[in-house]
$ cat work_28.cif   # mmCIF, C-alpha atoms, pLDDT in the B column; chains and numbers go by the auth columns
data_input
#
loop_
_atom_site.group_PDB
_atom_site.id
_atom_site.type_symbol
_atom_site.label_atom_id
_atom_site.label_comp_id
_atom_site.label_asym_id
_atom_site.label_seq_id
_atom_site.Cartn_x
_atom_site.Cartn_y
_atom_site.Cartn_z
_atom_site.B_iso_or_equiv
_atom_site.auth_seq_id
_atom_site.auth_asym_id
ATOM 1 C CA MET A 1 13.297 -13.842 13.330 85.00 1 A
ATOM 2 C CA ALA A 2 11.571 -11.895 10.553 93.00 2 A
ATOM 3 C CA LYS A 3 8.562 -9.897 11.683 96.00 3 A
ATOM 4 C CA ALA A 4 5.307 -9.070 9.892 97.00 4 A
ATOM 5 C CA ILE A 5 2.633 -6.639 11.035 96.00 5 A
ATOM 6 C CA ILE A 6 -0.776 -7.767 9.831 95.00 6 A
ATOM 7 C CA SER A 7 -3.809 -5.505 10.192 91.00 7 A
ATOM 8 C CA VAL A 8 -6.566 -6.146 7.680 92.00 8 A
ATOM 9 C CA TYR A 9 -10.213 -5.173 7.430 88.00 9 A
ATOM 10 C CA ASP A 10 -10.880 -7.661 4.611 89.00 10 A
ATOM 11 C CA LYS A 11 -9.708 -10.925 6.135 92.00 11 A
ATOM 12 C CA THR A 12 -10.134 -13.034 2.991 93.00 12 A
ATOM 13 C CA GLY A 13 -7.198 -15.456 2.792 95.00 13 A
ATOM 14 C CA ILE A 14 -5.383 -13.957 5.775 96.00 14 A
ATOM 15 C CA VAL A 15 -5.447 -17.145 7.856 96.00 15 A
ATOM 16 C CA ASP A 16 -3.720 -19.232 5.175 96.00 16 A
ATOM 17 C CA PHE A 17 -1.296 -16.404 4.365 97.00 17 A
ATOM 18 C CA SER A 18 -0.372 -15.927 8.036 97.00 18 A
ATOM 19 C CA SER A 19 -0.022 -19.658 8.571 96.00 19 A
ATOM 20 C CA SER A 20 2.356 -19.835 5.610 96.00 20 A
ATOM 21 C CA LEU A 21 4.365 -16.905 6.970 97.00 21 A
ATOM 22 C CA THR A 22 4.769 -18.528 10.382 96.00 22 A
ATOM 23 C CA GLY A 23 5.851 -21.718 8.614 95.00 23 A
ATOM 24 C CA LEU A 24 8.533 -19.645 6.903 96.00 24 A
ATOM 25 C CA GLY A 25 9.791 -18.327 10.230 95.00 25 A
ATOM 26 C CA TYR A 26 7.914 -15.039 10.534 96.00 26 A
ATOM 27 C CA GLU A 27 6.642 -13.673 13.824 96.00 27 A
ATOM 28 C CA ILE A 28 3.174 -12.178 13.360 97.00 28 A
ATOM 29 C CA ILE A 29 2.285 -8.927 15.113 95.00 29 A
ATOM 30 C CA SER A 30 -1.365 -7.971 14.973 92.00 30 A
ATOM 31 C CA SER A 31 -4.237 -6.271 16.755 84.00 31 A
ATOM 32 C CA GLY A 32 -7.986 -6.291 17.140 81.00 32 A
ATOM 33 C CA GLY A 33 -10.100 -8.533 14.965 85.00 33 A
ATOM 34 C CA THR A 34 -7.176 -9.746 12.879 91.00 34 A
ATOM 35 C CA ALA A 35 -5.313 -10.987 15.965 92.00 35 A
ATOM 36 C CA ARG A 36 -8.440 -12.690 17.318 92.00 36 A
ATOM 37 C CA LEU A 37 -9.078 -14.472 14.015 93.00 37 A
ATOM 38 C CA LEU A 38 -5.514 -15.752 13.794 95.00 38 A
ATOM 39 C CA GLU A 39 -5.571 -16.909 17.417 94.00 39 A
ATOM 40 C CA GLU A 40 -8.844 -18.767 16.766 95.00 40 A
ATOM 41 C CA HIS A 41 -6.986 -20.665 14.030 96.00 41 A
ATOM 42 C CA LYS A 42 -4.095 -21.521 16.393 94.00 42 A
ATOM 43 C CA ILE A 43 -1.646 -19.147 14.703 95.00 43 A
ATOM 44 C CA ASN A 44 0.866 -17.621 17.099 93.00 44 A
ATOM 45 C CA VAL A 45 0.328 -13.861 17.290 95.00 45 A
ATOM 46 C CA THR A 46 2.039 -11.143 19.285 92.00 46 A
ATOM 47 C CA SER A 47 -0.461 -8.390 20.021 88.00 47 A
ATOM 48 C CA VAL A 48 0.538 -4.856 19.066 86.00 48 A
ATOM 49 C CA SER A 49 0.050 -3.887 22.719 82.00 49 A
ATOM 50 C CA ASP A 50 2.459 -6.595 23.888 84.00 50 A
ATOM 51 C CA PHE A 51 4.950 -5.633 21.183 87.00 51 A
ATOM 52 C CA THR A 52 4.895 -1.908 22.002 77.00 52 A
ATOM 53 C CA HIS A 53 4.118 -2.236 25.744 70.00 53 A
ATOM 54 C CA SER A 54 1.444 0.392 25.143 68.00 54 A
ATOM 55 C CA PRO A 55 -2.338 -0.186 25.280 66.00 55 A
ATOM 56 C CA GLU A 56 -4.787 0.502 22.481 70.00 56 A
ATOM 57 C CA MET A 57 -6.400 3.870 23.108 56.00 57 A
ATOM 58 C CA LEU A 58 -9.432 5.979 22.247 56.00 58 A
ATOM 59 C CA ASP A 59 -11.736 3.120 21.208 59.00 59 A
ATOM 60 C CA GLY A 60 -9.053 1.696 18.929 60.00 60 A
ATOM 61 C CA ARG A 61 -8.206 4.964 17.176 63.00 61 A
ATOM 62 C CA VAL A 62 -4.633 4.610 18.442 60.00 62 A
ATOM 63 C CA LYS A 63 -3.179 1.122 18.107 66.00 63 A
ATOM 64 C CA THR A 64 -0.174 0.965 15.814 68.00 64 A
ATOM 65 C CA LEU A 65 0.940 4.612 16.079 70.00 65 A
ATOM 66 C CA HIS A 66 4.043 3.954 18.156 79.00 66 A
ATOM 67 C CA PRO A 67 7.781 4.690 17.704 80.00 67 A
ATOM 68 C CA LYS A 68 8.733 1.026 18.133 84.00 68 A
ATOM 69 C CA ILE A 69 6.619 0.100 15.135 89.00 69 A
ATOM 70 C CA TYR A 70 7.615 2.975 12.880 90.00 70 A
ATOM 71 C CA ALA A 71 11.314 2.833 13.754 90.00 71 A
ATOM 72 C CA GLY A 72 11.204 -0.874 12.902 92.00 72 A
ATOM 73 C CA ILE A 73 9.556 -0.166 9.554 95.00 73 A
ATOM 74 C CA LEU A 74 11.375 3.007 8.501 93.00 74 A
ATOM 75 C CA SER A 75 14.932 2.151 9.544 92.00 75 A
ATOM 76 C CA ASP A 76 17.471 1.939 6.713 90.00 76 A
ATOM 77 C CA ARG A 77 19.281 -1.324 7.359 87.00 77 A
ATOM 78 C CA ASP A 78 22.209 -0.113 5.199 88.00 78 A
ATOM 79 C CA ASN A 79 22.701 2.885 7.510 87.00 79 A
ATOM 80 C CA ASP A 80 24.951 2.134 10.499 88.00 80 A
ATOM 81 C CA THR A 81 23.456 5.029 12.485 89.00 81 A
ATOM 82 C CA HIS A 82 19.959 3.609 12.021 88.00 82 A
ATOM 83 C CA ARG A 83 21.071 0.092 12.925 88.00 83 A
ATOM 84 C CA ASN A 84 22.885 1.304 16.038 87.00 84 A
ATOM 85 C CA GLU A 85 19.918 3.391 17.144 89.00 85 A
ATOM 86 C CA ILE A 86 17.520 0.483 16.730 89.00 86 A
ATOM 87 C CA GLU A 87 19.872 -1.735 18.748 90.00 87 A
ATOM 88 C CA LYS A 88 20.361 0.901 21.463 88.00 88 A
ATOM 89 C CA LEU A 89 16.587 1.299 21.839 88.00 89 A
ATOM 90 C CA GLY A 90 16.053 -2.457 21.946 86.00 90 A
ATOM 91 C CA TYR A 91 13.723 -2.263 18.960 90.00 91 A
ATOM 92 C CA ASP A 92 13.287 -4.799 16.146 92.00 92 A
ATOM 93 C CA PHE A 93 13.272 -4.485 12.385 94.00 93 A
ATOM 94 C CA ILE A 94 9.870 -5.096 10.809 95.00 94 A
ATOM 95 C CA ASP A 95 10.200 -6.894 7.504 97.00 95 A
ATOM 96 C CA MET A 96 6.653 -7.015 6.150 97.00 96 A
ATOM 97 C CA VAL A 97 3.492 -4.952 6.532 97.00 97 A
ATOM 98 C CA VAL A 98 0.150 -6.441 5.447 97.00 98 A
ATOM 99 C CA VAL A 99 -2.707 -3.938 5.537 94.00 99 A
ATOM 100 C CA ASN A 100 -6.000 -3.250 3.849 88.00 100 A
ATOM 101 C CA LEU A 101 -8.161 -0.349 4.889 83.00 101 A
ATOM 102 C CA TYR A 102 -11.593 0.316 6.362 73.00 102 A
ATOM 103 C CA PRO A 103 -14.246 0.266 3.623 72.00 103 A
ATOM 104 C CA PHE A 104 -14.790 4.006 3.395 73.00 104 A
ATOM 105 C CA GLU A 105 -16.430 3.948 -0.039 72.00 105 A
ATOM 106 C CA GLU A 106 -18.848 1.195 1.010 72.00 106 A
ATOM 107 C CA THR A 107 -19.837 3.179 4.087 70.00 107 A
ATOM 108 C CA VAL A 108 -20.492 6.466 2.298 72.00 108 A
ATOM 109 C CA ALA A 109 -22.438 4.708 -0.476 70.00 109 A
ATOM 110 C CA LYS A 110 -25.183 3.858 2.043 73.00 110 A
ATOM 111 C CA SER A 111 -28.233 6.068 1.783 73.00 111 A
ATOM 112 C CA ASP A 112 -28.412 6.632 5.552 77.00 112 A
ATOM 113 C CA VAL A 113 -24.733 7.484 6.071 73.00 113 A
ATOM 114 C CA THR A 114 -23.990 10.336 8.444 78.00 114 A
ATOM 115 C CA LEU A 115 -20.865 12.442 8.689 79.00 115 A
ATOM 116 C CA ASP A 116 -19.959 10.771 11.984 80.00 116 A
ATOM 117 C CA MET A 117 -20.327 7.310 10.431 77.00 117 A
ATOM 118 C CA ALA A 118 -18.060 8.310 7.556 79.00 118 A
ATOM 119 C CA ILE A 119 -15.436 9.828 9.832 80.00 119 A
ATOM 120 C CA GLU A 120 -15.182 6.603 11.834 77.00 120 A
ATOM 121 C CA GLN A 121 -14.262 4.807 8.593 76.00 121 A
ATOM 122 C CA ILE A 122 -11.276 7.079 7.925 81.00 122 A
ATOM 123 C CA ASP A 123 -8.324 4.792 8.568 79.00 123 A
ATOM 124 C CA ILE A 124 -5.310 6.513 10.141 81.00 124 A
ATOM 125 C CA GLY A 125 -3.004 3.775 11.423 82.00 125 A
ATOM 126 C CA GLY A 126 -3.461 1.582 8.366 88.00 126 A
ATOM 127 C CA VAL A 127 -2.622 4.350 5.906 91.00 127 A
ATOM 128 C CA THR A 128 0.392 5.332 7.995 92.00 128 A
ATOM 129 C CA LEU A 129 1.661 1.749 8.080 94.00 129 A
ATOM 130 C CA ILE A 130 1.244 1.465 4.314 96.00 130 A
ATOM 131 C CA ARG A 131 3.060 4.714 3.567 95.00 131 A
ATOM 132 C CA ALA A 132 5.930 3.944 5.942 96.00 132 A
ATOM 133 C CA ALA A 133 6.488 0.461 4.512 97.00 133 A
ATOM 134 C CA ALA A 134 6.114 1.626 0.908 97.00 134 A
ATOM 135 C CA LYS A 135 8.619 4.434 1.505 96.00 135 A
ATOM 136 C CA ASN A 136 11.144 1.872 2.779 97.00 136 A
ATOM 137 C CA PHE A 137 10.352 -0.729 0.090 97.00 137 A
ATOM 138 C CA LYS A 138 14.034 -1.585 -0.227 96.00 138 A
ATOM 139 C CA HIS A 139 13.882 -3.254 3.187 96.00 139 A
ATOM 140 C CA VAL A 140 10.179 -3.852 3.846 97.00 140 A
ATOM 141 C CA ILE A 141 7.613 -5.860 1.893 98.00 141 A
ATOM 142 C CA ILE A 142 4.327 -3.938 1.723 98.00 142 A
ATOM 143 C CA VAL A 143 1.208 -5.977 0.947 98.00 143 A
ATOM 144 C CA THR A 144 -2.101 -4.217 0.320 96.00 144 A
ATOM 145 C CA ASP A 145 -3.703 -6.557 -2.225 95.00 145 A
ATOM 146 C CA ILE A 146 -5.108 -9.964 -1.294 94.00 146 A
ATOM 147 C CA SER A 147 -4.346 -11.211 -4.803 96.00 147 A
ATOM 148 C CA ASP A 148 -0.603 -10.900 -4.020 97.00 148 A
ATOM 149 C CA TYR A 149 -0.633 -13.341 -1.090 97.00 149 A
ATOM 150 C CA ASN A 150 0.099 -16.472 -3.114 97.00 150 A
ATOM 151 C CA MET A 151 2.836 -14.828 -5.183 97.00 151 A
ATOM 152 C CA ILE A 152 4.597 -13.605 -2.053 97.00 152 A
ATOM 153 C CA ILE A 153 4.484 -16.993 -0.351 97.00 153 A
ATOM 154 C CA GLU A 154 5.705 -18.752 -3.507 96.00 154 A
ATOM 155 C CA LYS A 155 8.660 -16.348 -3.857 96.00 155 A
ATOM 156 C CA LEU A 156 9.559 -16.654 -0.184 96.00 156 A
ATOM 157 C CA LYS A 157 9.459 -20.450 -0.390 95.00 157 A
ATOM 158 C CA LYS A 158 11.540 -20.553 -3.561 93.00 158 A
ATOM 159 C CA PHE A 159 14.032 -17.723 -3.016 93.00 159 A
ATOM 160 C CA LYS A 160 13.803 -17.028 0.767 92.00 160 A
ATOM 161 C CA LYS A 161 13.255 -13.337 -0.063 92.00 161 A
ATOM 162 C CA ILE A 162 11.318 -10.963 -2.296 96.00 162 A
ATOM 163 C CA ASP A 163 13.309 -9.396 -5.121 96.00 163 A
ATOM 164 C CA LEU A 164 13.707 -5.620 -5.321 96.00 164 A
ATOM 165 C CA LYS A 165 11.650 -5.301 -8.519 97.00 165 A
ATOM 166 C CA THR A 166 8.676 -6.992 -6.859 97.00 166 A
ATOM 167 C CA LYS A 167 9.100 -4.824 -3.756 97.00 167 A
ATOM 168 C CA LYS A 168 8.993 -1.717 -5.955 97.00 168 A
ATOM 169 C CA GLN A 169 5.853 -2.979 -7.707 97.00 169 A
ATOM 170 C CA LEU A 170 4.192 -3.635 -4.349 97.00 170 A
ATOM 171 C CA ALA A 171 5.151 -0.128 -3.173 97.00 171 A
ATOM 172 C CA VAL A 172 3.650 1.468 -6.287 97.00 172 A
ATOM 173 C CA LYS A 173 0.452 -0.505 -5.714 96.00 173 A
ATOM 174 C CA ALA A 174 0.427 0.601 -2.067 96.00 174 A
ATOM 175 C CA PHE A 175 0.790 4.303 -2.881 95.00 175 A
ATOM 176 C CA LYS A 176 -1.976 4.019 -5.499 93.00 176 A
ATOM 177 C CA HIS A 177 -4.143 2.336 -2.869 91.00 177 A
ATOM 178 C CA THR A 178 -3.718 5.187 -0.375 92.00 178 A
ATOM 179 C CA MET A 179 -4.121 7.792 -3.133 92.00 179 A
ATOM 180 C CA LEU A 180 -7.501 6.371 -4.152 88.00 180 A
ATOM 181 C CA TYR A 181 -8.522 6.063 -0.520 88.00 181 A
ATOM 182 C CA ASP A 182 -7.695 9.705 0.200 88.00 182 A
ATOM 183 C CA LYS A 183 -9.461 10.754 -2.997 88.00 183 A
ATOM 184 C CA ALA A 184 -12.639 8.977 -1.882 85.00 184 A
ATOM 185 C CA ILE A 185 -12.480 10.710 1.491 86.00 185 A
ATOM 186 C CA SER A 186 -11.846 14.163 0.048 87.00 186 A
ATOM 187 C CA ASN A 187 -14.617 13.719 -2.537 85.00 187 A
ATOM 188 C CA PHE A 188 -17.088 12.718 0.151 83.00 188 A
ATOM 189 C CA LEU A 189 -16.143 15.552 2.503 81.00 189 A
ATOM 190 C CA GLU A 190 -16.233 18.104 -0.301 82.00 190 A
ATOM 191 C CA ALA A 191 -19.694 16.985 -1.368 78.00 191 A
ATOM 192 C CA TYR A 192 -20.846 16.883 2.237 68.00 192 A
ATOM 193 C CA ILE A 193 -19.640 20.418 2.898 66.00 193 A
ATOM 194 C CA ILE A 194 -21.206 21.736 -0.310 59.00 194 A
ATOM 195 C CA ASP A 195 -24.529 20.067 0.487 55.00 195 A
#

$ encode --input "work_28.cif" --output "structure tokens"
Amino acid sequence: MAKAIISVYDKTGIVDFSSSLTGLGYEIISSGGTARLLEEHKINVTSVSDFTHSPEMLDGRVKTLHPKIYAGILSDRDNDTHRNEIEKLGYDFIDMVVVNLYPFEETVAKSDVTLDMAIEQIDIGGVTLIRAAAKNFKHVIIVTDISDYNMIIEKLKKFKKIDLKTKKQLAVKAFKHTMLYDKAISNFLEAYIID
């Protein structure tokens, strides 16, 4: 069964997208508010904790940072050594990663923002998921833009897969997304330090 990790701050359209994925045979792995929302809409979800057999830690700062997740995302399915290692460990391939990040820019735009408030909006797990999936775009579909949901479902329904060109385009979009996110963080911290 194909597997998708879904962890989104902006949940616009995620219920319909996830429902369509499950209808196409995907198992959904999720955590926190995303998992709760999907469960409320009767969508089968495997929690990240159940998938990894490791609890969320440090007030949610550590959720998805686990070898089972990253081996499943980063493994080269054309590499026999990778495939054998995944099998030996009892891990699963992860075929899709759907992530959008904490609203850092919205937070720091508030007039009463403090450094501590800003730091709590620095997404670690989400950025790491995006970069891992985008690096392995040949085997993993990375989705960071809500406007791509319909296109992805339509292609999966019609062709049963996403073509390599589209995967590359999604990876480029993902790396641009994390680049702009990191730029916003560095700009804020630089200004904060100077002030």

$ closest_residue --input "work_28.cif" --among "A:Thr34, A:Ser7, A:Thr12, A:Thr22" --to "Ile153 of chain A" --atoms "only C-alpha atoms"
A:Thr22

$ closest_residue --input "work_28.cif" --among "A:Ala118, A:Leu101, A:Ala133, A:Leu164" --to "Thr178 of chain A" --atoms "only C-alpha atoms"
A:Leu101

$ residues_around --input "work_28.cif" --residues "Gly33 of chain A" --least-positions-apart "2" --cutoff "9 Å" --atoms "all atoms listed in the file" --output "list in words"
Ser7, Val8, Tyr9, Ser30, Ser31, Ala35, Arg36, Leu37 and Leu38 of chain A

$ resolve_selection --input "work_28.cif" --expression "the PyMOL selection byres ((chain A and resi 174) around 9)" --output "VMD selection string"
chain A and resid 130 to 131 133 to 134 142 to 145 169 to 173 175 to 179

$ resolve_selection --input "work_28.cif" --expression "the PyMOL selection byres ((chain A and resi 72-76) around 8)" --output "list in words"
Lys68, Ile69, Tyr70, Ala71, Arg77, Asp78, Asn79, His82, Arg83, Ile86, Tyr91, Asp92, Phe93, Ile94, Asp95, Ala132, Ala133, Lys135, Asn136, His139 and Val140 of chain A

$ write_last_selection --input "work_28.cif" --atoms "C-alpha atoms" --output "compact mmCIF listing (two decimals), keeping the file's coordinate frame"
# COMPACT_ATOMS: atom_id res chain seq x y z
CA LYS A 68 8.73 1.03 18.13
CA ILE A 69 6.62 0.10 15.14
CA TYR A 70 7.62 2.98 12.88
CA ALA A 71 11.31 2.83 13.75
CA ARG A 77 19.28 -1.32 7.36
CA ASP A 78 22.21 -0.11 5.20
CA ASN A 79 22.70 2.88 7.51
CA HIS A 82 19.96 3.61 12.02
CA ARG A 83 21.07 0.09 12.92
CA ILE A 86 17.52 0.48 16.73
CA TYR A 91 13.72 -2.26 18.96
CA ASP A 92 13.29 -4.80 16.15
CA PHE A 93 13.27 -4.49 12.38
CA ILE A 94 9.87 -5.10 10.81
CA ASP A 95 10.20 -6.89 7.50
CA ALA A 132 5.93 3.94 5.94
CA ALA A 133 6.49 0.46 4.51
CA LYS A 135 8.62 4.43 1.50
CA ASN A 136 11.14 1.87 2.78
CA HIS A 139 13.88 -3.25 3.19
CA VAL A 140 10.18 -3.85 3.85

$ residues_around --input "work_28.cif" --residues "Met1 of chain A" --least-positions-apart "5" --cutoff "9 Å" --atoms "all atoms listed in the file" --output "PyMOL selection string"
chain A and resi 25-27

$ closest_residue --input "work_28.cif" --among "A:Ile28, A:Leu189, A:Val97, A:Ile141" --to "Thr166 of chain A" --atoms "only C-alpha atoms"
A:Ile141

$ closest_residue --input "work_28.cif" --among "A:Asn100, A:Ile5, A:Gln121, A:Thr107" --to "Ser147 of chain A" --atoms "all atoms listed in the file"
A:Asn100

$ atom_distance --input "work_28.cif" --atom1 "atom CA of Thr114 of chain A" --atom2 "atom CA of Leu129 of chain A"
27.1 Å

$ atom_distance --input "work_28.cif" --atom1 "atom CA of Glu106 of chain A" --atom2 "atom CA of Asn187 of chain A"
13.7 Å

$ build_atoms --input "work_28.cif" --residues "segment 140-169 of chain A" --atoms "N, CA and C atoms" --output "PDB file, keeping the file's coordinate frame"
ATOM      1  N   VAL A 140      11.448  -3.378   3.291  1.00 97.00           N
ATOM      2  CA  VAL A 140      10.179  -3.852   3.846  1.00 97.00           C
ATOM      3  C   VAL A 140       9.238  -4.247   2.714  1.00 97.00           C
ATOM      4  N   ILE A 141       8.603  -5.388   2.865  1.00 98.00           N
ATOM      5  CA  ILE A 141       7.613  -5.860   1.893  1.00 98.00           C
ATOM      6  C   ILE A 141       6.261  -5.286   2.305  1.00 98.00           C
ATOM      7  N   ILE A 142       5.640  -4.504   1.422  1.00 98.00           N
ATOM      8  CA  ILE A 142       4.327  -3.938   1.723  1.00 98.00           C
ATOM      9  C   ILE A 142       3.264  -4.675   0.909  1.00 98.00           C
ATOM     10  N   VAL A 143       2.254  -5.175   1.593  1.00 98.00           N
ATOM     11  CA  VAL A 143       1.208  -5.977   0.947  1.00 98.00           C
ATOM     12  C   VAL A 143      -0.147  -5.337   1.218  1.00 98.00           C
ATOM     13  N   THR A 144      -0.780  -4.836   0.170  1.00 96.00           N
ATOM     14  CA  THR A 144      -2.101  -4.217   0.320  1.00 96.00           C
ATOM     15  C   THR A 144      -3.176  -4.932  -0.485  1.00 96.00           C
ATOM     16  N   ASP A 145      -2.775  -5.898  -1.300  1.00 95.00           N
ATOM     17  CA  ASP A 145      -3.703  -6.557  -2.225  1.00 95.00           C
ATOM     18  C   ASP A 145      -3.734  -8.056  -1.937  1.00 95.00           C
ATOM     19  N   ILE A 146      -4.914  -8.542  -1.598  1.00 94.00           N
ATOM     20  CA  ILE A 146      -5.108  -9.964  -1.294  1.00 94.00           C
ATOM     21  C   ILE A 146      -4.613 -10.851  -2.430  1.00 94.00           C
ATOM     22  N   SER A 147      -4.744 -10.391  -3.657  1.00 96.00           N
ATOM     23  CA  SER A 147      -4.346 -11.211  -4.803  1.00 96.00           C
ATOM     24  C   SER A 147      -2.830 -11.428  -4.868  1.00 96.00           C
ATOM     25  N   ASP A 148      -2.061 -10.717  -4.042  1.00 97.00           N
ATOM     26  CA  ASP A 148      -0.603 -10.900  -4.020  1.00 97.00           C
ATOM     27  C   ASP A 148      -0.145 -11.931  -2.994  1.00 97.00           C
ATOM     28  N   TYR A 149      -1.037 -12.413  -2.156  1.00 97.00           N
ATOM     29  CA  TYR A 149      -0.633 -13.341  -1.090  1.00 97.00           C
ATOM     30  C   TYR A 149       0.101 -14.571  -1.636  1.00 97.00           C
ATOM     31  N   ASN A 150      -0.505 -15.236  -2.614  1.00 97.00           N
ATOM     32  CA  ASN A 150       0.099 -16.472  -3.114  1.00 97.00           C
ATOM     33  C   ASN A 150       1.454 -16.224  -3.748  1.00 97.00           C
ATOM     34  N   MET A 151       1.566 -15.159  -4.535  1.00 97.00           N
ATOM     35  CA  MET A 151       2.836 -14.828  -5.183  1.00 97.00           C
ATOM     36  C   MET A 151       3.929 -14.611  -4.149  1.00 97.00           C
ATOM     37  N   ILE A 152       3.606 -13.898  -3.084  1.00 97.00           N
ATOM     38  CA  ILE A 152       4.597 -13.605  -2.053  1.00 97.00           C
ATOM     39  C   ILE A 152       5.054 -14.886  -1.359  1.00 97.00           C
ATOM     40  N   ILE A 153       4.113 -15.731  -1.007  1.00 97.00           N
ATOM     41  CA  ILE A 153       4.484 -16.993  -0.351  1.00 97.00           C
ATOM     42  C   ILE A 153       5.324 -17.861  -1.285  1.00 97.00           C
ATOM     43  N   GLU A 154       4.933 -17.946  -2.552  1.00 96.00           N
ATOM     44  CA  GLU A 154       5.705 -18.752  -3.507  1.00 96.00           C
ATOM     45  C   GLU A 154       7.133 -18.241  -3.638  1.00 96.00           C
ATOM     46  N   LYS A 155       7.310 -16.921  -3.741  1.00 96.00           N
ATOM     47  CA  LYS A 155       8.660 -16.348  -3.857  1.00 96.00           C
ATOM     48  C   LYS A 155       9.472 -16.585  -2.585  1.00 96.00           C
ATOM     49  N   LEU A 156       8.843 -16.425  -1.434  1.00 96.00           N
ATOM     50  CA  LEU A 156       9.559 -16.654  -0.184  1.00 96.00           C
ATOM     51  C   LEU A 156       9.978 -18.120  -0.046  1.00 96.00           C
ATOM     52  N   LYS A 157       9.112 -19.026  -0.458  1.00 95.00           N
ATOM     53  CA  LYS A 157       9.459 -20.450  -0.390  1.00 95.00           C
ATOM     54  C   LYS A 157      10.592 -20.799  -1.348  1.00 95.00           C
ATOM     55  N   LYS A 158      10.555 -20.212  -2.532  1.00 93.00           N
ATOM     56  CA  LYS A 158      11.540 -20.553  -3.561  1.00 93.00           C
ATOM     57  C   LYS A 158      12.868 -19.839  -3.377  1.00 93.00           C
ATOM     58  N   PHE A 159      12.809 -18.535  -3.043  1.00 93.00           N
ATOM     59  CA  PHE A 159      14.032 -17.723  -3.016  1.00 93.00           C
ATOM     60  C   PHE A 159      14.425 -17.243  -1.617  1.00 93.00           C
ATOM     61  N   LYS A 160      13.565 -17.479  -0.613  1.00 92.00           N
ATOM     62  CA  LYS A 160      13.803 -17.028   0.767  1.00 92.00           C
ATOM     63  C   LYS A 160      13.709 -15.513   0.923  1.00 92.00           C
ATOM     64  N   LYS A 161      13.387 -14.793  -0.137  1.00 92.00           N
ATOM     65  CA  LYS A 161      13.255 -13.337  -0.063  1.00 92.00           C
ATOM     66  C   LYS A 161      12.400 -12.858  -1.232  1.00 92.00           C
ATOM     67  N   ILE A 162      12.041 -11.594  -1.196  1.00 96.00           N
ATOM     68  CA  ILE A 162      11.318 -10.963  -2.296  1.00 96.00           C
ATOM     69  C   ILE A 162      12.297 -10.047  -3.019  1.00 96.00           C
ATOM     70  N   ASP A 163      12.369 -10.185  -4.326  1.00 96.00           N
ATOM     71  CA  ASP A 163      13.309  -9.396  -5.121  1.00 96.00           C
ATOM     72  C   ASP A 163      12.922  -7.919  -5.118  1.00 96.00           C
ATOM     73  N   LEU A 164      13.910  -7.071  -5.389  1.00 96.00           N
ATOM     74  CA  LEU A 164      13.707  -5.620  -5.321  1.00 96.00           C
ATOM     75  C   LEU A 164      12.657  -5.144  -6.323  1.00 96.00           C
ATOM     76  N   LYS A 165      12.639  -5.719  -7.515  1.00 97.00           N
ATOM     77  CA  LYS A 165      11.650  -5.301  -8.519  1.00 97.00           C
ATOM     78  C   LYS A 165      10.228  -5.540  -7.998  1.00 97.00           C
ATOM     79  N   THR A 166      10.002  -6.690  -7.409  1.00 97.00           N
ATOM     80  CA  THR A 166       8.676  -6.992  -6.859  1.00 97.00           C
ATOM     81  C   THR A 166       8.349  -6.051  -5.702  1.00 97.00           C
ATOM     82  N   LYS A 167       9.333  -5.761  -4.864  1.00 97.00           N
ATOM     83  CA  LYS A 167       9.100  -4.824  -3.756  1.00 97.00           C
ATOM     84  C   LYS A 167       8.695  -3.449  -4.284  1.00 97.00           C
ATOM     85  N   LYS A 168       9.352  -3.005  -5.355  1.00 97.00           N
ATOM     86  CA  LYS A 168       8.993  -1.717  -5.955  1.00 97.00           C
ATOM     87  C   LYS A 168       7.565  -1.755  -6.487  1.00 97.00           C
ATOM     88  N   GLN A 169       7.207  -2.852  -7.160  1.00 97.00           N
ATOM     89  CA  GLN A 169       5.853  -2.979  -7.707  1.00 97.00           C
ATOM     90  C   GLN A 169       4.808  -2.955  -6.589  1.00 97.00           C
TER      91      GLN A 169
END
